[in-house]
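Novice: First, the structure itself, so that you have it in front of you.
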Amino acid sequence: MSQKSPPIAVTIAGSDSSGGAGIQADLKTFSALGVYGASVITALTAQNTLGVTAIHDAPPDFITAQMDAVFSDLKVAAVKIGMLSRPATIAAVADALERLGARNIVLDPVMVAASGARLLEDAAIATLKTRLLPLADVVTPNLPEAAALLNAPVAADEAAMRTQGEALLALGAKAVLMKGGHGEGAESVDLLVTRDAVLRLPAPRHATRNTHGTGCTLSSAIASGLARGLTLAEAVRAAKTYITGAIAAADQLEVGQGHGPVHHFHALWGQAGL
């Protein structure tokens, strides 16, 4: 068997003990999309489909040590950033990303779990905006997250989504994917807002309670595409197709009693007859 170096992406995020979101969802997504996944764990959560019962943050110096270990050995082609609950955590990640010359950075500003549990301290929002937004090649907020970052009402239509996306660009992000999953209507419309254009990405809206890890999965799918050499627009389109399929197939899984996970391996399991 000939040797082959796969594209490598690293997720910097919290661990979800139930496996549906966070580090676990990211690694599943990387694997499903043909990317080798590494990880830097920023926090441990005691979590299931019903909610988050406890959070244990990793010390900033240990987060730095994980990043140094990964980047010194692996050829990291893309970075996905998820749960960073405290200002000190955000600062440690930002410092290391700058020092290590990380590229293709996808920032998912995780604030609230699908169960409603708060995952980001209020004091950390300002640090996220000043330290990480300027480093991100694309930031992927849902509508409530974008509103929280801008201290504004939740966008009620596509025009407001575009306006808020442009406001986030003004804070330093290179591109913003405004996710419309919290909106209403037959379609779930995302907008990729850049300084040059706005790309509209519609998809059928699927009615399911199994949406645990949706944001984590979409952002790690974008990172997967960037790691494989796709342009940002191509990576976002491919990720939108992937997450739409994962949500549509979510009810094929019976996991937990609350908000179950999306089906990360819907295409692979279908090919295997599972």
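Identifiers in the structure tokens: chain A, B, ... in order shown; residue index from 1 per chain; ligand index from 1 in order shown.
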Can you list, as JSON, numbers by chain, all residues belonging to stretch 156-238 of chain A that DSSP tags as helix (DSSP H, G or I)?
Specialist: {"A": [158, 159, 160, 161, 162, 163, 164, 165, 166, 167, 168, 169, 170, 214, 215, 216, 217, 218, 219, 220, 221, 222, 223, 224, 225, 226, 227, 232, 233, 234, 235, 236, 237, 238]}
Novice: By how many Å are atom CA of A:Leu171 and atom CA of A:Thr140 apart?
Specialist: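 Answer for the atom CA of A:Leu171 to atom CA of A:Thr140 separation: 14.0 Å.
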Novice: Using only C-alpha atoms, can you tell me which of A:Met178, A:Ala91, A:Ala123, A:Leu132 comes closest to A:Ser219?
Specialist: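 Among A:Met178, A:Ala91, A:Ala123, A:Leu132, it is A:Met178 that comes nearest to A:Ser219.
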Novice: Report as JSON lines the residues of stretch 125-146 of chain A within 12 Å of stretch 191-210 of chain A, each with its shortest atom pair and distance in Å (one decimal), using only C-alpha atoms, ordered by chain and increasing residue number.
Specialist:
```
{"residue": "A:Asp137", "atom": "CA", "partner": "A:Thr194", "partner_atom": "CA", "distance": 10.2}
{"residue": "A:Val138", "atom": "CA", "partner": "A:Leu192", "partner_atom": "CA", "distance": 9.0}
{"residue": "A:Val139", "atom": "CA", "partner": "A:Leu192", "partner_atom": "CA", "distance": 9.7}
{"residue": "A:Thr140", "atom": "CA", "partner": "A:Leu192", "partner_atom": "CA", "distance": 9.0}
{"residue": "A:Pro141", "atom": "CA", "partner": "A:Leu191", "partner_atom": "CA", "distance": 10.7}
{"residue": "A:Asn142", "atom": "CA", "partner": "A:Leu191", "partner_atom": "CA", "distance": 10.6}
{"residue": "A:Leu143", "atom": "CA", "partner": "A:Leu191", "partner_atom": "CA", "distance": 11.1}
```
Novice: Please report the interatomic distance between atom CA of A:Leu253 and atom CA of A:Ala227 in Å with one decimal.
Specialist: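 Between these atoms lies a distance of 28.6 Å.
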Novice: Could you check which of A:Ala77, A:Ala25, A:Val70, A:Ala173 is closest to A:Gly229, using only C-alpha atoms?
Specialist: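 Nearest candidate to A:Gly229 out of A:Ala77, A:Ala25, A:Val70, A:Ala173: A:Ala77.
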Novice: Determine, counting only C-alpha atoms, which protein, DNA and RNA residues have an atom within 8 Å of an atom of A:Pro6; residues of the same chain fewer than 5 positions away are not included. Present the result as a list in words.
Specialist: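 Non-adjacent residues within range: Gly34, Val35 and Tyr36 of chain A.
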Novice: Report as JSON, numbers by chain: the residues of stretch 34-116 of chain A with a DSSP assignment of strand (DSSP E), based on the backbone of this structure.
Specialist: {"A": [36, 37, 38, 39, 40, 41, 42, 43, 44, 45, 46, 47, 48, 51, 52, 53, 54, 55, 56, 57, 78, 79, 80, 81, 105, 106, 107]}
Novice: Pick out the residues sitting within 7 Å of stretch 50-60 of chain A, and hand them over as an MDAnalysis selection string; count only C-alpha atoms, and ignore anything fewer than 6 positions along from it in its own chain.
Specialist: chainID A and resid 42:44 88:89 92 115 117 257:259
Novice: Rounded to one decimal in Å, what is the spacing between atom CA of A:Leu177 and atom CA of A:Asp190?
Specialist: 6.7 Å
Novice: What's the 12 Å shell around A:Pro134, counting only C-alpha atoms, without same-chain residues fewer than 5 positions away, as a list in words?
Specialist: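 Contacts, with the query itself left out: Ala94, Leu97, Glu98, Ile105, Val106, Leu107, Thr127, Leu128, Lys129, Val139, Leu168, Leu169, Ala170, Leu171, Gly172, Ala173, Lys174, Ala175 and Val176 of chain A.
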Novice: Store the residues picked out above, limited to N, CA, C and O atoms, as a short mmCIF file (atom, residue, chain, number, x, y, z; two decimals), in the first residue's frame.
Specialist:
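Result file is result17.cif:
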```cif
data_model
loop_
_atom_site.label_atom_id
_atom_site.label_comp_id
_atom_site.auth_asym_id
_atom_site.auth_seq_id
_atom_site.Cartn_x
_atom_site.Cartn_y
_atom_site.Cartn_z
N ALA A 94 -6.05 32.50 20.73
CA ALA A 94 -5.67 33.55 19.78
C ALA A 94 -4.16 33.73 19.73
O ALA A 94 -3.57 33.84 18.64
N LEU A 97 -2.66 30.75 17.81
CA LEU A 97 -2.96 30.79 16.37
C LEU A 97 -2.05 31.78 15.66
O LEU A 97 -1.53 31.50 14.57
N GLU A 98 -1.85 32.93 16.27
CA GLU A 98 -0.98 33.94 15.66
C GLU A 98 0.47 33.46 15.62
O GLU A 98 1.15 33.58 14.59
N ILE A 105 -9.02 29.46 9.07
CA ILE A 105 -9.62 29.41 10.40
C ILE A 105 -11.13 29.63 10.29
O ILE A 105 -11.58 30.66 9.77
N VAL A 106 -11.89 28.67 10.78
CA VAL A 106 -13.35 28.74 10.80
C VAL A 106 -13.78 28.92 12.26
O VAL A 106 -13.53 28.05 13.09
N LEU A 107 -14.42 30.03 12.57
CA LEU A 107 -14.83 30.33 13.94
C LEU A 107 -16.33 30.17 14.09
O LEU A 107 -17.12 30.89 13.46
N THR A 127 -13.96 39.65 24.37
CA THR A 127 -12.66 39.08 24.01
C THR A 127 -12.74 38.32 22.69
O THR A 127 -11.82 38.39 21.86
N LEU A 128 -13.83 37.60 22.50
CA LEU A 128 -14.04 36.88 21.24
C LEU A 128 -14.04 37.86 20.07
O LEU A 128 -13.41 37.61 19.02
N LYS A 129 -14.71 38.98 20.23
CA LYS A 129 -14.81 39.96 19.15
C LYS A 129 -13.47 40.62 18.85
O LYS A 129 -13.13 40.83 17.68
N VAL A 139 -16.54 33.37 9.96
CA VAL A 139 -17.22 33.16 11.24
C VAL A 139 -18.65 32.71 10.92
O VAL A 139 -19.25 33.20 9.97
N LEU A 168 -20.47 42.43 11.14
CA LEU A 168 -19.43 41.54 11.66
C LEU A 168 -18.16 41.63 10.83
O LEU A 168 -17.05 41.52 11.36
N LEU A 169 -18.30 41.85 9.52
CA LEU A 169 -17.12 42.10 8.69
C LEU A 169 -16.38 43.33 9.19
O LEU A 169 -15.14 43.37 9.22
N ALA A 170 -17.13 44.34 9.59
CA ALA A 170 -16.53 45.58 10.06
C ALA A 170 -15.74 45.38 11.35
O ALA A 170 -14.84 46.17 11.66
N LEU A 171 -16.05 44.29 12.08
CA LEU A 171 -15.30 43.98 13.30
C LEU A 171 -14.01 43.23 13.01
O LEU A 171 -13.24 42.96 13.93
N GLY A 172 -13.80 42.85 11.74
CA GLY A 172 -12.53 42.25 11.38
C GLY A 172 -12.58 40.89 10.72
O GLY A 172 -11.57 40.42 10.20
N ALA A 173 -13.73 40.22 10.76
CA ALA A 173 -13.82 38.91 10.11
C ALA A 173 -13.67 39.06 8.59
O ALA A 173 -14.13 40.05 8.01
N LYS A 174 -13.02 38.08 7.96
CA LYS A 174 -12.83 38.15 6.51
C LYS A 174 -14.09 37.76 5.74
O LYS A 174 -14.33 38.20 4.62
N ALA A 175 -14.91 36.91 6.36
CA ALA A 175 -16.19 36.48 5.76
C ALA A 175 -17.10 36.03 6.89
O ALA A 175 -16.63 35.61 7.96
N VAL A 176 -18.41 36.12 6.64
CA VAL A 176 -19.39 35.73 7.65
C VAL A 176 -20.45 34.86 6.99
O VAL A 176 -21.02 35.24 5.95
#
```
